[in-house]
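Source file: start17.cif; contents: mmCIF, C-alpha atoms.
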data_final
#
loop_
_atom_site.label_atom_id
_atom_site.label_comp_id
_atom_site.auth_asym_id
_atom_site.auth_seq_id
_atom_site.Cartn_x
_atom_site.Cartn_y
_atom_site.Cartn_z
CA MET A 72 2.65 46.95 24.39
CA ALA A 73 3.01 49.94 26.72
CA HIS A 74 0.39 50.67 29.39
CA ALA A 75 -0.53 53.71 31.40
CA THR A 76 0.31 53.35 35.09
CA ASP A 77 -3.39 53.11 35.95
CA ALA A 78 -4.16 50.54 33.24
CA PRO A 79 -2.73 47.10 34.08
CA PRO A 80 -2.62 44.47 31.34
CA ARG A 81 -5.98 42.85 30.66
CA LEU A 82 -5.33 39.33 29.45
CA VAL A 83 -8.22 37.54 27.70
CA VAL A 84 -8.09 33.73 27.36
CA LEU A 85 -10.44 31.73 25.13
CA THR A 86 -10.77 28.16 26.36
CA SER A 87 -12.86 25.00 26.27
CA PHE A 88 -11.75 24.21 29.84
CA SER A 89 -14.21 24.30 32.70
CA GLU A 90 -14.57 27.40 34.84
CA LEU A 91 -13.01 25.48 37.74
CA VAL A 92 -9.79 24.86 35.80
CA SER A 93 -9.66 28.47 34.60
CA GLN A 94 -10.24 29.86 38.09
CA GLU A 95 -7.50 27.72 39.64
CA LEU A 96 -5.01 28.76 36.95
CA ALA A 97 -6.06 32.42 37.21
CA ASP A 98 -5.59 32.43 41.00
CA ALA A 99 -2.15 30.87 40.69
CA TYR A 100 -1.11 33.33 37.97
CA ARG A 101 -2.33 36.38 39.89
CA ARG A 102 -0.10 35.36 42.79
CA GLU A 103 2.85 35.80 40.42
CA ALA A 104 1.46 38.76 38.43
CA PRO A 105 -0.82 40.61 40.86
CA GLY A 106 -1.29 43.62 38.58
CA VAL A 107 -2.79 41.66 35.70
CA SER A 108 -6.49 41.61 34.94
CA LEU A 109 -7.22 38.09 33.70
CA SER A 110 -10.54 37.04 32.16
CA PHE A 111 -11.74 33.91 30.38
CA ILE A 112 -14.15 33.25 27.53
CA HIS A 113 -15.54 29.75 28.10
CA LYS A 114 -16.78 28.04 24.94
CA LYS A 115 -16.85 24.46 23.68
CA THR A 116 -14.22 23.86 21.01
CA SER A 117 -16.51 24.28 18.00
CA ALA A 118 -17.89 27.57 19.37
CA ALA A 119 -14.37 28.76 20.21
CA LEU A 120 -13.28 28.16 16.62
CA ASN A 121 -16.33 30.06 15.39
CA HIS A 122 -15.40 32.91 17.74
CA LEU A 123 -11.95 33.20 16.19
CA GLU A 124 -12.92 32.61 12.57
CA ARG A 125 -15.71 35.18 12.65
CA GLY A 126 -13.71 37.73 14.62
CA LEU A 127 -16.21 37.93 17.45
CA GLY A 128 -15.48 40.11 20.43
CA PRO A 129 -13.76 40.31 22.72
CA THR A 130 -10.62 39.33 20.82
CA PRO A 131 -8.66 36.85 22.95
CA ASP A 132 -4.91 36.98 23.43
CA LEU A 133 -4.55 33.28 24.09
CA VAL A 134 -6.41 30.04 23.38
CA MET A 135 -6.24 26.85 25.49
CA ALA A 136 -7.83 23.53 24.54
CA SER A 137 -7.41 19.78 24.99
CA ALA A 138 -8.15 18.93 21.35
CA LEU A 139 -4.90 19.08 19.39
CA ASP A 140 -6.78 18.96 16.07
CA ALA A 141 -8.28 22.38 16.76
CA PHE A 142 -4.85 24.04 16.79
CA GLY A 143 -4.03 22.63 13.37
CA TRP A 144 -7.28 24.08 12.08
CA MET A 145 -6.45 27.50 13.61
CA ALA A 146 -2.89 27.52 12.28
CA GLU A 147 -4.06 26.63 8.78
CA ARG A 148 -6.27 29.74 8.80
CA ASP A 149 -3.49 32.02 10.07
CA LEU A 150 -5.29 32.70 13.36
CA LEU A 151 -2.24 32.09 15.54
CA VAL A 152 1.05 33.88 16.26
CA PRO A 153 4.37 31.99 16.71
CA ALA A 154 5.21 31.45 20.37
CA GLY A 155 8.99 31.64 20.02
CA ALA A 156 11.20 29.62 22.36
CA LEU A 157 8.19 28.29 24.29
CA ALA A 158 6.77 26.50 21.26
CA ALA A 159 6.68 22.74 20.94
CA GLN A 160 9.83 20.85 20.14
CA ALA A 161 9.73 18.04 17.58
CA SER A 162 6.86 15.72 18.52
CA PRO A 163 5.31 12.72 16.77
CA TYR A 164 1.87 14.17 17.55
CA ILE A 165 2.36 17.83 16.66
CA GLU A 166 2.79 18.29 12.93
CA PRO A 167 5.83 20.41 11.94
CA SER A 168 3.69 23.24 10.56
CA LEU A 169 2.01 23.53 13.97
CA GLU A 170 5.11 23.38 16.17
CA PRO A 171 5.84 27.17 16.05
CA TYR A 172 2.45 27.91 17.61
CA CYS A 173 1.66 25.16 20.12
CA VAL A 174 2.90 25.31 23.70
CA PRO A 175 2.21 21.92 25.34
CA PHE A 176 1.66 22.09 29.10
CA ALA A 177 -0.32 18.91 29.92
CA GLN A 178 -1.28 15.52 28.51
CA ALA A 179 -4.69 13.98 27.88
CA GLY A 180 -5.81 10.43 27.20
CA TYR A 181 -9.13 9.22 25.82
CA GLY A 182 -11.20 6.35 27.13
CA VAL A 183 -14.32 4.90 28.75
CA MET A 184 -15.89 6.04 32.03
CA TRP A 185 -18.58 4.16 33.97
CA HIS A 186 -20.63 4.01 37.16
CA ARG A 187 -20.25 0.68 38.96
CA GLY A 188 -23.54 0.86 40.86
CA TYR A 189 -25.46 1.57 37.67
CA LEU A 190 -23.77 -1.32 35.83
CA ASP A 191 -24.39 -3.71 38.73
CA ARG A 192 -28.10 -2.92 38.70
CA HIS A 193 -28.26 -3.72 34.98
CA GLY A 194 -26.11 -6.86 35.19
CA LEU A 195 -23.24 -5.35 33.18
CA SER A 196 -19.48 -5.60 33.64
CA PRO A 197 -17.24 -2.51 33.31
CA PRO A 198 -16.18 -2.16 29.65
CA ARG A 199 -12.46 -2.09 28.95
CA GLY A 200 -12.59 -0.94 25.34
CA TRP A 201 -14.78 0.27 22.48
CA GLU A 202 -15.75 -3.22 21.33
CA ALA A 203 -17.39 -4.13 24.65
CA LEU A 204 -19.90 -1.32 24.16
CA LEU A 205 -21.24 -2.93 20.99
CA ALA A 206 -22.73 -5.84 22.97
CA PRO A 207 -26.56 -5.87 23.11
CA GLY A 208 -26.54 -5.56 26.90
CA PHE A 209 -25.26 -1.99 26.69
CA THR A 210 -28.22 -0.76 24.62
CA GLY A 211 -29.55 2.45 26.14
CA HIS A 212 -26.75 2.69 28.70
CA VAL A 213 -24.02 4.55 26.74
CA ALA A 214 -23.50 8.27 26.06
CA MET A 215 -21.10 10.42 24.09
CA SER A 216 -21.05 13.87 22.58
CA SER A 217 -20.88 14.71 18.87
CA PRO A 218 -17.44 15.46 17.39
CA ALA A 219 -19.01 18.52 15.74
CA ARG A 220 -19.76 19.89 19.22
CA SER A 221 -16.74 18.66 21.17
CA GLY A 222 -13.09 18.77 20.17
CA THR A 223 -12.19 15.94 22.55
CA THR A 224 -14.97 13.76 21.13
CA HIS A 225 -13.56 14.43 17.67
CA VAL A 226 -10.27 12.94 18.89
CA ILE A 227 -12.14 9.90 20.22
CA VAL A 228 -13.89 9.34 16.89
CA GLU A 229 -10.68 9.89 14.92
CA SER A 230 -8.81 7.51 17.21
CA LEU A 231 -11.29 4.75 16.43
CA LEU A 232 -11.13 5.46 12.70
CA GLN A 233 -7.33 5.48 12.70
CA ALA A 234 -7.03 2.35 14.84
CA ARG A 235 -9.67 0.31 12.99
CA GLY A 236 -9.50 1.79 9.50
CA TRP A 237 -12.02 4.03 7.74
CA GLU A 238 -14.77 1.59 6.85
CA PRO A 239 -14.48 -0.81 9.83
CA GLY A 240 -14.26 2.20 12.15
CA TRP A 241 -17.46 3.73 10.81
CA ALA A 242 -19.15 0.34 10.99
CA ASP A 243 -18.35 0.22 14.71
CA LEU A 244 -19.58 3.79 15.22
CA MET A 245 -22.86 3.06 13.42
CA ALA A 246 -23.34 -0.05 15.53
CA LEU A 247 -22.49 1.96 18.65
CA GLY A 248 -25.20 4.43 17.63
CA GLY A 249 -27.73 1.69 18.27
CA ARG A 250 -26.50 1.40 21.87
CA LEU A 251 -26.49 5.11 22.71
CA ALA A 252 -28.87 6.54 25.27
CA THR A 253 -28.06 10.05 24.05
CA VAL A 254 -25.65 12.30 22.18
CA THR A 255 -24.96 15.10 24.65
CA ALA A 256 -24.77 18.77 23.67
CA ARG A 257 -21.35 19.11 25.34
CA SER A 258 -18.63 16.70 26.41
CA PHE A 259 -19.16 17.87 30.02
CA GLY A 260 -22.63 16.32 29.86
CA VAL A 261 -21.19 12.80 29.73
CA PRO A 262 -19.44 12.66 33.14
CA ILE A 263 -22.28 14.63 34.74
CA GLY A 264 -24.79 12.09 33.41
CA ILE A 265 -22.70 9.21 34.72
CA GLU A 266 -22.37 10.79 38.17
CA ARG A 267 -26.14 11.26 38.29
CA GLU A 268 -26.67 7.72 36.94
CA ARG A 269 -28.72 8.88 33.96
CA PHE A 270 -26.65 6.35 31.98
CA GLY A 271 -23.90 3.95 32.90
CA VAL A 272 -21.03 4.45 30.46
CA GLY A 273 -19.54 7.32 28.49
CA LEU A 274 -16.71 8.09 26.08
CA VAL A 275 -14.65 10.94 27.51
CA VAL A 276 -11.25 12.57 27.77
CA ASP A 277 -9.56 11.57 31.03
CA ALA A 278 -9.48 15.19 32.25
CA LEU A 279 -13.27 15.03 32.67
CA ALA A 280 -13.18 11.66 34.41
CA ALA A 281 -10.24 12.24 36.79
CA PRO A 282 -11.92 14.71 39.22
CA VAL A 283 -14.89 12.34 39.59
CA LEU A 284 -12.57 9.38 40.15
CA ALA A 285 -10.86 11.32 42.93
CA SER A 286 -14.14 11.93 44.78
CA ASP A 287 -16.40 8.97 43.93
CA ALA A 288 -15.17 5.41 44.43
CA ASP A 289 -18.16 4.10 42.48
CA VAL A 290 -16.83 5.57 39.22
CA GLY A 291 -14.28 3.82 37.00
CA PHE A 292 -12.28 4.65 33.89
CA ALA A 293 -10.16 2.68 31.44
CA TYR A 294 -8.19 3.37 28.29
CA PRO A 295 -8.84 1.18 25.25
CA SER A 296 -5.97 -0.42 23.40
CA PRO A 297 -4.35 1.20 21.55
CA VAL A 298 -4.68 4.25 23.79
CA THR A 299 -4.51 7.80 22.43
CA VAL A 300 -2.44 10.18 24.59
CA LEU A 301 -1.89 13.68 23.19
CA PRO A 302 -0.44 16.99 24.39
CA VAL A 303 -2.74 19.70 25.73
CA CYS A 304 -1.71 23.06 24.29
CA ALA A 305 -2.07 26.82 24.44
CA ALA A 306 -1.29 29.30 21.67
CA LEU A 307 -1.16 33.04 20.99
CA VAL A 308 -4.03 34.51 18.97
CA ARG A 309 -3.34 36.86 16.09
CA GLY A 310 -4.82 40.29 16.79
CA GLY A 311 -4.63 39.98 20.56
CA ALA A 312 -3.97 43.25 22.35
CA GLU A 313 -1.83 41.76 25.13
CA LEU A 314 0.49 39.32 23.40
CA ASP A 315 3.44 40.16 25.67
CA GLU A 316 1.38 39.34 28.73
CA ALA A 317 0.04 36.25 26.94
CA ARG A 318 3.64 35.06 26.44
CA ARG A 319 4.23 35.47 30.17
CA PHE A 320 1.13 33.40 30.84
CA LEU A 321 2.43 30.70 28.49
CA HIS A 322 5.71 30.70 30.40
CA PHE A 323 3.73 30.36 33.65
CA LEU A 324 1.83 27.32 32.33
CA THR A 325 5.09 25.46 31.70
CA SER A 326 6.87 26.75 34.84
CA SER A 327 7.13 24.78 38.08
CA SER A 328 4.43 26.93 39.73
CA GLY A 329 2.06 26.55 36.78
CA GLN A 330 2.63 22.82 36.61
CA ARG A 331 1.99 22.50 40.36
CA ALA A 332 -1.28 24.39 39.94
CA LEU A 333 -2.31 21.99 37.18
CA ALA A 334 -1.56 19.03 39.44
CA SER A 335 -4.51 19.77 41.71
CA PRO A 336 -6.62 16.54 41.65
CA SER A 337 -9.80 18.61 41.35
CA LEU A 338 -8.70 19.87 37.92
CA GLY A 339 -8.23 16.45 36.31
CA ARG A 340 -5.16 17.59 34.37
CA TYR A 341 -1.92 15.65 33.97
CA PRO A 342 1.10 18.00 33.81
CA ILE A 343 3.87 17.45 31.28
CA ASP A 344 6.53 17.93 33.98
CA PRO A 345 7.08 14.46 35.51
CA SER A 346 7.83 15.92 38.94
CA ALA A 347 4.52 17.81 38.94
CA ALA A 348 2.68 14.78 37.53
CA ALA A 349 3.91 12.80 40.54
CA GLY A 350 1.55 14.96 42.58
CA VAL A 351 -1.51 13.32 40.98
CA PRO A 352 -0.85 9.58 41.48
CA GLY A 353 -4.59 8.87 41.21
CA HIS A 354 -4.86 10.27 37.68
CA PRO A 355 -5.63 7.58 35.06
CA LEU A 356 -2.46 8.45 33.11
CA ALA A 357 -0.37 7.84 36.25
CA ARG A 358 -1.79 4.30 36.33
CA LEU A 359 -1.43 3.61 32.62
CA ALA A 360 0.56 0.41 32.11
CA PRO A 361 4.00 1.26 30.66
CA GLY A 362 3.65 -1.43 28.02
CA GLN A 363 0.12 -0.56 26.88
CA GLU A 364 0.00 -0.05 23.15
CA ARG A 365 -0.35 3.58 22.07
CA LEU A 366 -1.93 4.83 18.89
CA ALA A 367 0.38 6.79 16.61
CA TYR A 368 -2.28 9.46 16.23
CA ASP A 369 -2.02 11.34 12.94
CA ALA A 370 -3.09 14.90 13.81
CA GLU A 371 -2.44 16.16 10.29
CA LEU A 372 -4.75 13.51 8.81
CA SER A 373 -7.38 14.45 11.39
CA ARG A 374 -7.07 18.14 10.52
CA ARG A 375 -7.46 17.51 6.78
CA ARG A 376 -10.72 15.60 7.17
CA TYR A 377 -12.02 17.43 10.26
CA GLY A 378 -15.20 18.75 8.63
CA LEU A 379 -15.87 15.53 6.74
CA VAL A 380 -15.65 13.32 9.84
CA ASN A 381 -17.88 15.63 11.87
CA ALA A 382 -20.51 15.84 9.13
CA LEU A 383 -20.49 12.08 8.63
CA PHE A 384 -20.90 11.35 12.33
CA ASP A 385 -23.94 13.56 12.62
CA HIS A 386 -25.57 12.05 9.52
CA LEU A 387 -24.68 8.47 10.42
CA VAL A 388 -25.33 8.64 14.17
CA THR A 389 -26.65 11.88 15.71
CA TYR A 390 -29.55 12.46 13.33
CA ARG A 391 -30.53 8.78 13.16
CA LEU A 392 -30.50 7.66 16.79
CA GLU A 393 -34.11 6.48 16.87
CA ARG A 394 -33.84 4.52 13.63
CA LEU A 395 -30.56 2.96 14.75
CA ARG A 396 -32.04 1.92 18.08
CA GLU A 397 -35.03 0.33 16.36
CA PHE A 398 -32.90 -1.53 13.84
CA TRP A 399 -30.41 -2.90 16.36
CA ALA A 400 -33.13 -3.94 18.79
CA ARG A 401 -34.70 -6.03 16.02
CA TYR A 402 -31.29 -7.33 14.90
CA ASP A 403 -30.38 -8.39 18.45
CA GLU A 404 -33.71 -10.16 18.90
CA LEU A 405 -33.28 -12.20 15.73
CA ALA A 406 -29.59 -12.89 16.33
CA GLU A 407 -30.54 -14.37 19.70
CA ARG A 408 -33.20 -16.55 18.08
CA VAL A 409 -30.75 -17.81 15.46
CA ALA A 410 -28.22 -18.60 18.19
CA SER A 411 -30.90 -20.55 20.06
CA ARG A 412 -31.73 -22.51 16.91
CA ALA A 413 -28.06 -23.45 16.55
CA GLN A 414 -28.13 -24.98 20.01
CA SER A 415 -31.30 -26.91 19.23
CA GLY A 416 -29.71 -28.89 16.39
CA VAL A 417 -31.58 -27.27 13.50
CA ASP A 418 -30.70 -28.21 9.91
CA ILE A 419 -27.25 -26.80 9.10
CA ASP A 420 -28.30 -25.46 5.69
CA ALA A 421 -31.14 -23.46 7.22
CA LEU A 422 -28.82 -22.15 9.92
CA THR A 423 -26.24 -21.09 7.33
CA GLY A 424 -28.89 -19.10 5.49
CA ASP A 425 -30.07 -17.45 8.70
CA ARG A 426 -26.57 -16.39 9.59
CA ALA A 427 -25.94 -15.11 6.06
CA ASP A 428 -29.05 -12.93 6.26
CA LEU A 429 -27.94 -11.50 9.59
CA ALA A 430 -24.47 -10.75 8.20
CA SER A 431 -25.93 -9.09 5.10
CA ALA A 432 -28.29 -6.97 7.18
CA ARG A 433 -25.45 -5.88 9.44
CA ALA A 434 -23.22 -5.02 6.49
CA LEU A 435 -25.93 -2.85 4.95
CA ALA A 436 -26.70 -1.08 8.24
CA THR A 437 -23.03 -0.25 8.86
CA ARG A 438 -21.93 0.78 5.35
CA VAL A 439 -20.41 4.27 5.35
CA PRO A 440 -21.66 6.30 2.34
CA PHE A 441 -18.24 7.92 1.76
CA ALA A 442 -15.84 5.23 0.50
CA ALA A 443 -12.26 5.14 1.74
CA GLU A 444 -10.77 5.62 -1.73
CA ARG A 445 -12.47 9.03 -1.96
CA LEU A 446 -10.31 10.27 0.92
CA THR A 447 -7.44 10.64 -1.56
CA ASP A 448 -9.38 13.42 -3.33
CA ALA A 449 -7.95 16.32 -1.31
CA ASP A 450 -10.05 18.93 -3.13
CA LEU A 451 -13.26 17.07 -2.31
CA VAL A 452 -12.35 16.50 1.34
CA ALA A 453 -11.49 20.20 1.68
CA GLN A 454 -15.06 21.13 0.67
CA PHE A 455 -16.37 19.94 4.03
CA SER A 456 -16.41 22.79 6.52
CA ARG A 457 -17.05 22.97 10.22
CA HIS A 458 -20.68 23.48 11.11
CA GLN A 459 -21.35 27.11 12.01
CA PRO A 460 -24.75 28.09 13.41
CA GLY A 461 -26.69 30.23 10.96
CA LEU A 462 -24.35 29.55 8.06
CA MET A 463 -25.12 27.15 5.22
CA ALA A 464 -22.59 24.56 4.13
CA GLY A 465 -21.13 24.85 0.62
CA ALA A 466 -22.85 23.43 -2.46
CA VAL A 467 -20.55 20.38 -2.72
CA GLN A 468 -21.10 19.46 0.92
CA ARG A 469 -24.87 19.90 0.64
CA GLU A 470 -24.94 17.68 -2.46
CA GLU A 471 -22.84 15.02 -0.75
CA GLU A 472 -24.96 15.08 2.40
CA ALA A 473 -28.15 14.69 0.36
CA ALA A 474 -26.62 11.64 -1.33
CA TRP A 475 -25.61 10.24 2.04
CA GLY A 476 -29.16 10.56 3.32
CA ALA A 477 -30.61 8.72 0.32
CA ARG A 478 -27.99 5.99 0.54
CA LEU A 479 -28.41 5.53 4.29
CA ASP A 480 -32.18 5.34 4.01
CA ALA A 481 -31.98 2.77 1.21
CA ASP A 482 -29.41 0.66 3.06
CA LEU A 483 -31.32 0.65 6.32
CA THR A 484 -34.59 -0.14 4.54
CA ALA A 485 -32.94 -3.06 2.73
CA ALA A 486 -31.33 -4.26 5.95
CA ARG A 487 -34.64 -4.14 7.76
CA ALA A 488 -36.32 -6.06 4.92
CA LEU A 489 -33.73 -8.83 5.30
CA LEU A 490 -34.47 -9.02 9.02
CA GLU A 491 -38.22 -9.21 8.48
CA ALA A 492 -37.79 -11.93 5.87
CA LEU A 493 -35.65 -13.83 8.36
CA ALA A 494 -38.26 -13.32 11.09
CA LYS A 495 -40.99 -14.64 8.80
CA ARG A 496 -38.92 -17.70 8.04
CA LEU A 497 -38.17 -18.29 11.72
CA ASP A 498 -41.88 -18.01 12.53
CA GLY A 499 -43.00 -20.24 9.64
CA PRO A 500 -43.62 -23.98 9.37
CA SER A 501 -40.03 -24.64 8.32
CA ALA A 502 -38.92 -23.42 11.74
CA ALA A 503 -40.78 -26.23 13.49
CA GLY A 504 -38.86 -27.58 16.42
CA SER A 505 -37.00 -24.33 17.00
CA PRO A 506 -37.52 -22.53 20.30
#

Re-express the file's structure as structure tokens.
Amino acid sequence: MAHATDAPPRLVVLTSFSELVSQELADAYRREAPGVSLSFIHKKTSAALNHLERGLGPTPDLVMASALDAFGWMAERDLLVPAGALAAQASPYIEPSLEPYCVPFAQAGYGVMWHRGYLDRHGLSPPRGWEALLAPGFTGHVAMSSPARSGTTHVIVESLLQARGWEPGWADLMALGGRLATVTARSFGVPIGIERERFGVGLVVDALAAPVLASDADVGFAYPSPVTVLPVCAALVRGGAELDEARRFLHFLTSSSGQRALASPSLGRYPIDPSAAAGVPGHPLARLAPGQERLAYDAELSRRRYGLVNALFDHLVTYRLERLREFWARYDELAERVASRAQSGVDIDALTGDRADLASARALATRVPFAAERLTDADLVAQFSRHQPGLMAGAVQREEEAAWGARLDADLTAARALLEALAKRLDGPSAAGSP
């Protein structure tokens, strides 16, 4: 659009990136476009989507985020404008309907971050994958955010569900809930907590871990197998007042100067241009083994069930942390006693019954209340919306969530009853001779 000579373009960017990343990119862009007024709206992904959906001011011209799923959600609601020649080419991770809008300019991987000193003090080894975190020793030492609050955490949860399958994946997440020290309000809270040694391990996107790795030798990071590596994108926002300037900013992000700016180790970003990426040899993606298995992440599947997955996680994990901790503490105690009995030469029939009770209790405590076959009901899955502060979910979602609560309570009560019956048997006369 045309501007008066005394009114330079005022570009507004909505982003989930940190202020440090935004400032570095803004400084680099102003060196190329000194007349542009550039401002950022910093919001976590869920709040950024609310901002766009509800038409809150100021209206941004551009949106930048690490979570690819969020762009699919925006495109589906006609909140984006095609980016023309800058848009994504055919990609296995960017669904065809999204390609006209997304402009990839970096890559992000998802994994596990830890503090070596903290782990040493608690007698723990650095975890190399999700499964390691389910061990009893990690109880109270792990942190993550909620996928409803963090777009990158949504990718982490989806990655586990897609790699393991719907029901086994949720079983792992419910077991992990018993190990969590906290569910942070924002994904940024996880690396900050690890740096400050409030907890020892966290699930994070590598962009949050990389700056800490560059400055603190006591911090480590690893990708699970299969690893999820996805493009980081920007897109034009429908209704923006400075779309021409926004297109120039998109071009800058993918240009050699923009890619060099991204390669600053303090930003934690991994540019898509290999020559620029060579400037951050300490980034976790630079050290990723060429042969490490990668997850064929299905972004379209993630977009379709975005609201469902977020709602389930909060009901299965976030809202039940205390009950999960109590259950798994009791489970771990009894599992250890049963293992000790096995070593003492106890009657094999009694041991088989003990193990069966433990398995039954675990199965009940990790049963997801939304069966996998129901995922084929597209109309039902579409009823689950993103959580928006101050707005009530739809009637179908509220009914489903009430049913989940009743089912989860009944399952956990039954699982706990099995454990207490097992404990009574272990403590009784028939357990004579056991430790």

For the interface of stretch 313-397 of chain A with stretch 83-86 of chain A (cut-off 10 Å, counting only C-alpha atoms), please tabulate each contacting residue of stretch 313-397 of chain A alongside its nearest pair of atoms and their separation in Å to one decimal, rows sorted by chain and increasing number, as a tab-separated table.
residue	atom	partner	partner_atom	distance
A:Glu313	CA	A:Val83	CA	8.1
A:Leu314	CA	A:Val83	CA	9.9
A:Glu316	CA	A:Val83	CA	9.8
A:Ala317	CA	A:Val83	CA	8.4
A:Phe320	CA	A:Val84	CA	9.9

Hey, what's within 9 Å of A:Met184 if we count only C-alpha atoms and toss same-chain stuff fewer than 5 positions away? As a compact mmCIF listing (two decimals) with C-alpha atoms, in the frame of the given file, please?
# COMPACT_ATOMS: atom_id res chain seq x y z
CA PRO A 197 -17.24 -2.51 33.31
CA PRO A 198 -16.18 -2.16 29.65
CA VAL A 261 -21.19 12.80 29.73
CA PRO A 262 -19.44 12.66 33.14
CA ILE A 265 -22.70 9.21 34.72
CA GLY A 271 -23.90 3.95 32.90
CA VAL A 272 -21.03 4.45 30.46
CA GLY A 273 -19.54 7.32 28.49
CA LEU A 274 -16.71 8.09 26.08
CA VAL A 275 -14.65 10.94 27.51
CA ASP A 277 -9.56 11.57 31.03
CA ALA A 280 -13.18 11.66 34.41
CA VAL A 290 -16.83 5.57 39.22
CA GLY A 291 -14.28 3.82 37.00
CA PHE A 292 -12.28 4.65 33.89
CA ALA A 293 -10.16 2.68 31.44
CA TYR A 294 -8.19 3.37 28.29

| request: Check which residues satisfy the PyMOL selection byres ((chain A and resi 227) around 9) in the file shown, then give them as number ranges by chain. | output: A: 181-182, 218, 222-226, 228-232, 274-276, 299

| task | Could you tell me which of A:Ser168, A:Gln414, A:Ser216, A:Gln94 comes closest to A:Lys115 if we count only C-alpha atoms? | result | A:Ser216

| said: Distance cut-off 9 Å, centre (-1.8, 6.8, 17.2) in file coordinates, counting all atoms listed in the file: which residues qualify? Return them as a list in words. | reply: Tyr164, Ser230, Gln233, Ala234, Pro297, Val298, Thr299, Val300, Arg365, Leu366, Ala367, Tyr368, Asp369 and Ala370 of chain A

| message | Applying 12 Å and only C-alpha atoms, which residues near A:Glu404 remain after dropping the ones on its own chain fewer than 5 positions away? List them as JSON, numbers by chain. | response | {"A": [207, 208, 397, 398, 399, 409, 410, 411, 429, 490, 491, 493, 494, 497]}

| Point (-20.8, -1.1, 11.9) neighbourhood (8 Å, all atoms listed in the file) written as a VMD selection string | chain A and resid 239 to 247 433 to 434 436 to 438

| said: With all atoms listed in the file as the counted atoms, please give the residues lying no more than 12 Å from A:Asp132, apart from itself and same-chain residues fewer than 6 positions off, as number ranges by chain. | reply: A: 80-86, 109-112, 123, 150-152, 154, 305-321

Starting from the sparse input, extend stretch 126-136 of chain A to N, CA, C and O atoms and give the output as a PDB file, in the coordinates of the input.
ATOM      1  N   GLY A 126     -14.194  36.506  14.011  1.00  0.00           N
ATOM      2  CA  GLY A 126     -13.710  37.730  14.620  1.00  0.00           C
ATOM      3  C   GLY A 126     -14.650  38.317  15.647  1.00  0.00           C
ATOM      4  O   GLY A 126     -14.803  39.540  15.757  1.00  0.00           O
ATOM      5  N   LEU A 127     -15.284  37.460  16.432  1.00  0.00           N
ATOM      6  CA  LEU A 127     -16.210  37.930  17.450  1.00  0.00           C
ATOM      7  C   LEU A 127     -15.446  38.570  18.608  1.00  0.00           C
ATOM      8  O   LEU A 127     -14.293  38.250  18.872  1.00  0.00           O
ATOM      9  N   GLY A 128     -16.106  39.466  19.301  1.00  0.00           N
ATOM     10  CA  GLY A 128     -15.480  40.110  20.430  1.00  0.00           C
ATOM     11  C   GLY A 128     -15.886  39.467  21.747  1.00  0.00           C
ATOM     12  O   GLY A 128     -16.930  38.805  21.834  1.00  0.00           O
ATOM     13  N   PRO A 129     -15.057  39.647  22.787  1.00  0.00           N
ATOM     14  CA  PRO A 129     -13.760  40.310  22.720  1.00  0.00           C
ATOM     15  C   PRO A 129     -12.708  39.427  22.050  1.00  0.00           C
ATOM     16  O   PRO A 129     -12.813  38.201  22.071  1.00  0.00           O
ATOM     17  N   THR A 130     -11.706  40.073  21.464  1.00  0.00           N
ATOM     18  CA  THR A 130     -10.620  39.330  20.820  1.00  0.00           C
ATOM     19  C   THR A 130      -9.707  38.749  21.895  1.00  0.00           C
ATOM     20  O   THR A 130      -9.174  39.502  22.723  1.00  0.00           O
ATOM     21  N   PRO A 131      -9.531  37.445  21.937  1.00  0.00           N
ATOM     22  CA  PRO A 131      -8.660  36.850  22.950  1.00  0.00           C
ATOM     23  C   PRO A 131      -7.182  37.035  22.601  1.00  0.00           C
ATOM     24  O   PRO A 131      -6.826  37.264  21.443  1.00  0.00           O
ATOM     25  N   ASP A 132      -6.360  36.942  23.626  1.00  0.00           N
ATOM     26  CA  ASP A 132      -4.910  36.980  23.430  1.00  0.00           C
ATOM     27  C   ASP A 132      -4.332  35.577  23.351  1.00  0.00           C
ATOM     28  O   ASP A 132      -3.262  35.364  22.791  1.00  0.00           O
ATOM     29  N   LEU A 133      -5.065  34.635  23.915  1.00  0.00           N
ATOM     30  CA  LEU A 133      -4.550  33.280  24.090  1.00  0.00           C
ATOM     31  C   LEU A 133      -5.703  32.302  23.956  1.00  0.00           C
ATOM     32  O   LEU A 133      -6.839  32.617  24.311  1.00  0.00           O
ATOM     33  N   VAL A 134      -5.416  31.101  23.441  1.00  0.00           N
ATOM     34  CA  VAL A 134      -6.410  30.040  23.380  1.00  0.00           C
ATOM     35  C   VAL A 134      -5.829  28.792  24.022  1.00  0.00           C
ATOM     36  O   VAL A 134      -4.657  28.460  23.804  1.00  0.00           O
ATOM     37  N   MET A 135      -6.637  28.106  24.850  1.00  0.00           N
ATOM     38  CA  MET A 135      -6.240  26.850  25.490  1.00  0.00           C
ATOM     39  C   MET A 135      -7.306  25.795  25.205  1.00  0.00           C
ATOM     40  O   MET A 135      -8.494  26.080  25.330  1.00  0.00           O
ATOM     41  N   ALA A 136      -6.869  24.592  24.832  1.00  0.00           N
ATOM     42  CA  ALA A 136      -7.830  23.530  24.540  1.00  0.00           C
ATOM     43  C   ALA A 136      -7.144  22.173  24.655  1.00  0.00           C
ATOM     44  O   ALA A 136      -5.931  22.060  24.488  1.00  0.00           O
TER      45      ALA A 136
END
